[in-house]
Structures are given as structure tokens and as C-alpha cells.
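A short write-up of the structure that comes next.
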Amino acid sequence: MSSKTKIIVLHMKEIIYTAIFAALGILLIILLVVMFRPGGKKQPADAHAEKQYTPGIYTSALTLNNTNLEVEVSVDESHINSIRFSNLDESIATMFPLIQPAIEDIAEQIYKTQSLENITLSEQSPYTSQVILDAIAETVEKAAVD
């Protein structure tokens with residue numbers, strides 16, 4: 001009986017490269033499975049078709065320097081239609097001259113995206129804009145369908 005023994009010589013560098021490429025291949029497969037698996041997020045068209053809000057006009061209180069303001073948000077079943085201050089008088093507008101442009105800027109962004117996410121706050125009044133955005137978010141929560 002003749003047995004031919006074969007000796008294979010592997011260099012350490014080749015083993016390391018093979019292990020790295022195998023790990024990258026497995027990572028790529030896992031990434032593709034996670035990204036393209038069925039049952040993921042709903043399409044935006046489906047999200048807008050569903051009833052997101054209870055139609056009506058909702059308000060939230062906002063206090064600036066011991067002055068109460070009411071943020072009023074009007075919604076239908078799937079859209080935010082208007083955002084405004086319901087009791088903004090001349091004295092408040094004089095004390096806070098950037099409040100009206102801030103809410104108009106925020107409202108315009110919300111109308112375009114119909115979302116409260118990724119809203120760019122004004123550089124002139126970022127803190128006031130954030131307070132207004134928080135009040136709008138609180139009001140929209142009241143309108144949201146459970």
C-alpha cells in the first residue's frame with residue numbers, strides 16, 4: 001500500500017486575509033438581510049393614507065415672561081393645516097418681536113414635511129423657537145389618534 005502524503009504550507013498572512021474576507025462577507029450578508037427583509041417600515045404613502053389625527057382645533061398653553069399664550073393647531077385626519085397663536089396681542093408682540101416670525105418659520109417647515117422631526121430652528125432666537133416647537137408638539141400629541 002502506497003500512501004502519498006501531501007503537505008500543505010500556509011502562510012500566516014494568507015490565513016489572516018481569508019479570515020478578514022470571510023468576516024466581511026458574513027457582515028455584508030447580515031446587512032443585506034436586515035435592510036431588505038419584508039415587514040419593515042410602512043411606506044410614506046401608506047402612512048398618510050391612515051388616520052393620524054382626530055380632526056379639530058387643539059390648543060396648548062405657553063408661558064413667556066409671566067404672559068400666557070395659546071398655541072392653536074388645526075388638523076384634519078392626516079394633515080396639520082394651521083399653526084398660530086390664538087391670543088397674541090400687540091403688547092406681547094412688542095415685548096417679543098421675534099416670536100411671530102419664529103412660529104411662522106416653524107409652521108412653514110411643518111406644513112411642508114407634515115412632521116415635527118428635523119425642524120431647523122431660527123439662529124436669531126433658538127430658545128424661543130424650541131419653546132414654541134415643544135408647545136406645538138404637545139398640541140399635536142393631543143390630536144393624535146390613539
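Within each chain, counting starts at residue 1; across the C-alpha cells, chains are named A, B, ... in the order shown, with ligands numbered 1 upward in that order.
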
Open item on the list: Among segment 9-122 of chain A, which residues does DSSP mark as strand (DSSP E) when it is run on the backbone? Keep the chain and numbering as in the structure and answer as a list of chain:residue names.
Closed with: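 Answer for segment 9-122 of chain A restricted to strand (DSSP E) is A:Gly56, A:Ile57, A:Tyr58, A:Thr59, A:Ser60, A:Ala61, A:Leu62, A:Thr63, A:Leu64, A:Thr67, A:Asn68, A:Leu69, A:Glu70, A:Val71, A:Glu72, A:Val73, A:Ser74, A:Val75, A:Ile80, A:Asn81, A:Ser82, A:Ile83, A:Arg84, A:Phe85.
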
Task: Near-Lys51 of chain A list (12 Å; only C-alpha atoms; drop same-chain fewer than 4 positions) as number ranges by chain - done: A: 46-47, 55, 75-79, 143-146

Generate a file of the selected residues that holds all heavy atoms, formatted as an mmCIF file, in the first residue's frame.
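Below is the file that was written, selection.cif:
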data_model
loop_
_atom_site.group_PDB
_atom_site.id
_atom_site.type_symbol
_atom_site.label_atom_id
_atom_site.label_comp_id
_atom_site.auth_asym_id
_atom_site.auth_seq_id
_atom_site.Cartn_x
_atom_site.Cartn_y
_atom_site.Cartn_z
ATOM 1 N N ASP A 46 -48.561 54.934 2.561
ATOM 2 C CA ASP A 46 -49.475 54.224 3.449
ATOM 3 C C ASP A 46 -49.678 54.983 4.739
ATOM 4 O O ASP A 46 -50.767 54.993 5.292
ATOM 5 C CB ASP A 46 -48.937 52.819 3.776
ATOM 6 C CG ASP A 46 -48.895 51.918 2.553
ATOM 7 O OD1 ASP A 46 -49.605 52.216 1.567
ATOM 8 O OD2 ASP A 46 -48.142 50.927 2.590
ATOM 9 N N ALA A 47 -48.634 55.622 5.236
ATOM 10 C CA ALA A 47 -48.721 56.349 6.490
ATOM 11 C C ALA A 47 -49.662 57.543 6.360
ATOM 12 O O ALA A 47 -50.398 57.863 7.285
ATOM 13 C CB ALA A 47 -47.342 56.808 6.940
ATOM 14 N N PRO A 55 -59.710 64.999 13.719
ATOM 15 C CA PRO A 55 -59.878 66.349 13.170
ATOM 16 C C PRO A 55 -60.399 67.336 14.222
ATOM 17 O O PRO A 55 -61.228 66.993 15.057
ATOM 18 C CB PRO A 55 -60.910 66.156 12.056
ATOM 19 C CG PRO A 55 -60.809 64.718 11.687
ATOM 20 C CD PRO A 55 -60.450 64.005 12.946
ATOM 21 N N VAL A 75 -56.029 70.490 12.666
ATOM 22 C CA VAL A 75 -55.667 69.279 11.932
ATOM 23 C C VAL A 75 -56.906 68.651 11.303
ATOM 24 O O VAL A 75 -58.025 68.834 11.788
ATOM 25 C CB VAL A 75 -54.981 68.232 12.846
ATOM 26 C CG1 VAL A 75 -53.676 68.736 13.389
ATOM 27 C CG2 VAL A 75 -55.878 67.793 13.967
ATOM 28 N N ASP A 76 -56.697 67.923 10.192
ATOM 29 C CA ASP A 76 -57.730 67.030 9.688
ATOM 30 C C ASP A 76 -57.229 65.611 9.932
ATOM 31 O O ASP A 76 -56.312 65.412 10.725
ATOM 32 C CB ASP A 76 -58.077 67.331 8.230
ATOM 33 C CG ASP A 76 -56.911 67.151 7.275
ATOM 34 O OD1 ASP A 76 -55.924 66.507 7.653
ATOM 35 O OD2 ASP A 76 -56.999 67.658 6.149
ATOM 36 N N GLU A 77 -57.782 64.610 9.259
ATOM 37 C CA GLU A 77 -57.422 63.225 9.569
ATOM 38 C C GLU A 77 -55.960 62.872 9.330
ATOM 39 O O GLU A 77 -55.410 62.023 10.004
ATOM 40 C CB GLU A 77 -58.310 62.271 8.778
ATOM 41 C CG GLU A 77 -59.733 62.261 9.261
ATOM 42 C CD GLU A 77 -60.580 61.229 8.538
ATOM 43 O OE1 GLU A 77 -60.108 60.650 7.546
ATOM 44 O OE2 GLU A 77 -61.709 61.023 8.980
ATOM 45 N N SER A 78 -55.314 63.546 8.367
ATOM 46 C CA SER A 78 -53.943 63.151 8.057
ATOM 47 C C SER A 78 -52.980 64.326 7.862
ATOM 48 O O SER A 78 -51.841 64.106 7.499
ATOM 49 C CB SER A 78 -53.923 62.278 6.800
ATOM 50 O OG SER A 78 -54.461 62.997 5.708
ATOM 51 N N HIS A 79 -53.435 65.570 8.075
ATOM 52 C CA HIS A 79 -52.572 66.729 7.841
ATOM 53 C C HIS A 79 -52.699 67.761 8.956
ATOM 54 O O HIS A 79 -53.762 67.927 9.546
ATOM 55 C CB HIS A 79 -52.940 67.424 6.523
ATOM 56 C CG HIS A 79 -52.663 66.601 5.325
ATOM 57 N ND1 HIS A 79 -53.577 65.745 4.794
ATOM 58 C CD2 HIS A 79 -51.550 66.501 4.554
ATOM 59 C CE1 HIS A 79 -53.058 65.145 3.754
ATOM 60 N NE2 HIS A 79 -51.824 65.580 3.582
ATOM 61 N N ALA A 143 -53.911 65.805 19.503
ATOM 62 C CA ALA A 143 -54.697 65.489 18.311
ATOM 63 C C ALA A 143 -54.456 64.079 17.784
ATOM 64 O O ALA A 143 -55.245 63.581 16.993
ATOM 65 C CB ALA A 143 -54.371 66.502 17.218
ATOM 66 N N ALA A 144 -53.376 63.443 18.202
ATOM 67 C CA ALA A 144 -53.003 62.144 17.656
ATOM 68 C C ALA A 144 -54.044 61.073 18.000
ATOM 69 O O ALA A 144 -54.633 61.076 19.083
ATOM 70 C CB ALA A 144 -51.639 61.719 18.185
ATOM 71 N N VAL A 145 -54.260 60.168 17.046
ATOM 72 C CA VAL A 145 -55.181 59.051 17.245
ATOM 73 C C VAL A 145 -54.508 58.032 18.129
ATOM 74 O O VAL A 145 -53.346 57.691 17.929
ATOM 75 C CB VAL A 145 -55.577 58.439 15.887
ATOM 76 C CG1 VAL A 145 -56.388 57.178 16.080
ATOM 77 C CG2 VAL A 145 -56.312 59.436 15.054
ATOM 78 N N ASP A 146 -55.229 57.503 19.082
ATOM 79 C CA ASP A 146 -54.655 56.510 19.991
ATOM 80 C C ASP A 146 -54.527 55.162 19.357
ATOM 81 O O ASP A 146 -55.200 54.722 18.540
ATOM 82 C CB ASP A 146 -55.513 56.385 21.254
ATOM 83 C CG ASP A 146 -55.480 57.668 22.067
ATOM 84 O OD1 ASP A 146 -54.475 58.372 22.003
ATOM 85 O OD2 ASP A 146 -56.464 57.953 22.759
#

Using only C-alpha atoms, which residues of segment 22-105 of chain A come within 9 Å of segment 119-125 of chain A, and what is the closest atom pair for each, with the distance in Å to one decimal? Give it as a Markdown table, sorted by chain and residue number.
| residue | atom | partner | partner_atom | distance |
| --- | --- | --- | --- | --- |
| A:Leu98 | CA | A:Ser125 | CA | 7.0 |
| A:Ile99 | CA | A:Ser125 | CA | 8.3 |
| A:Ala102 | CA | A:Ser122 | CA | 6.7 |
| A:Asp105 | CA | A:Ser122 | CA | 7.9 |

Enumerate the residues of chain A with a DSSP assignment of alpha helix (DSSP H), computed from the backbone, and present them as a CSV table (one decimal) with C-alpha atoms, in the first residue's frame.
chain,number,residue,atom,x,y,z
A,12,MET,CA,0.0,33.2,8.3
A,13,LYS,CA,-0.7,36.3,6.1
A,14,GLU,CA,-3.0,34.2,3.9
A,15,ILE,CA,-4.9,32.8,6.9
A,16,ILE,CA,-5.5,36.3,8.3
A,17,TYR,CA,-6.6,37.7,4.9
A,18,THR,CA,-9.0,34.8,4.5
A,19,ALA,CA,-10.5,35.3,8.0
A,20,ILE,CA,-11.0,39.0,7.3
A,21,PHE,CA,-12.7,38.5,4.0
A,22,ALA,CA,-14.9,35.8,5.5
A,23,ALA,CA,-15.9,38.1,8.3
A,24,LEU,CA,-16.7,40.9,5.9
A,25,GLY,CA,-18.7,38.6,3.7
A,26,ILE,CA,-20.8,37.4,6.7
A,27,LEU,CA,-21.3,41.1,7.7
A,28,LEU,CA,-22.4,42.0,4.2
A,29,ILE,CA,-24.9,39.2,4.1
A,30,ILE,CA,-26.4,40.1,7.5
A,31,LEU,CA,-26.6,43.8,6.5
A,32,LEU,CA,-28.5,42.8,3.3
A,33,VAL,CA,-30.9,40.6,5.1
A,34,VAL,CA,-31.7,43.3,7.7
A,35,MET,CA,-32.1,46.0,5.0
A,36,PHE,CA,-34.3,44.1,2.6
A,44,PRO,CA,-44.9,57.0,3.4
A,45,ALA,CA,-47.9,56.8,1.1
A,46,ASP,CA,-49.5,54.2,3.4
A,47,ALA,CA,-48.7,56.3,6.5
A,48,HIS,CA,-50.5,59.4,5.0
A,49,ALA,CA,-53.5,57.3,4.0
A,90,GLU,CA,-49.8,93.9,20.4
A,91,SER,CA,-48.1,94.2,23.8
A,92,ILE,CA,-46.7,90.6,23.7
A,93,ALA,CA,-45.6,91.2,20.1
A,94,THR,CA,-43.8,94.3,21.2
A,95,MET,CA,-42.0,92.6,24.1
A,99,ILE,CA,-41.9,85.4,18.4
A,100,GLN,CA,-44.2,85.8,15.4
A,101,PRO,CA,-41.5,85.2,12.7
A,102,ALA,CA,-40.3,82.2,14.7
A,103,ILE,CA,-43.7,80.5,14.7
A,104,GLU,CA,-44.3,81.3,11.1
A,105,ASP,CA,-40.9,79.7,10.2
A,106,ILE,CA,-41.6,76.6,12.2
A,107,ALA,CA,-45.2,76.3,10.9
A,108,GLU,CA,-43.9,76.6,7.3
A,109,GLN,CA,-41.5,73.7,7.8
A,110,ILE,CA,-44.2,71.6,9.4
A,111,TYR,CA,-46.6,72.3,6.6
A,112,LYS,CA,-44.0,71.1,4.0
A,113,THR,CA,-43.0,67.9,5.8
A,126,PRO,CA,-33.2,79.4,19.1
A,127,TYR,CA,-34.5,79.1,22.7
A,128,THR,CA,-37.8,80.8,21.9
A,129,SER,CA,-38.1,78.6,18.8
A,130,GLN,CA,-37.5,75.5,20.9
A,131,VAL,CA,-40.2,76.5,23.4
A,132,ILE,CA,-42.6,77.1,20.5
A,133,LEU,CA,-41.8,73.8,18.9
A,134,ASP,CA,-42.3,72.0,22.3
A,135,ALA,CA,-45.7,73.6,22.7
A,136,ILE,CA,-46.7,72.6,19.1
A,137,ALA,CA,-45.5,69.0,19.8
A,138,GLU,CA,-47.7,68.9,23.0
A,139,THR,CA,-50.7,70.2,21.0
A,140,VAL,CA,-50.2,67.7,18.2
A,141,GLU,CA,-50.0,64.9,20.8
A,142,LYS,CA,-53.5,65.9,21.9
A,143,ALA,CA,-54.7,65.5,18.3
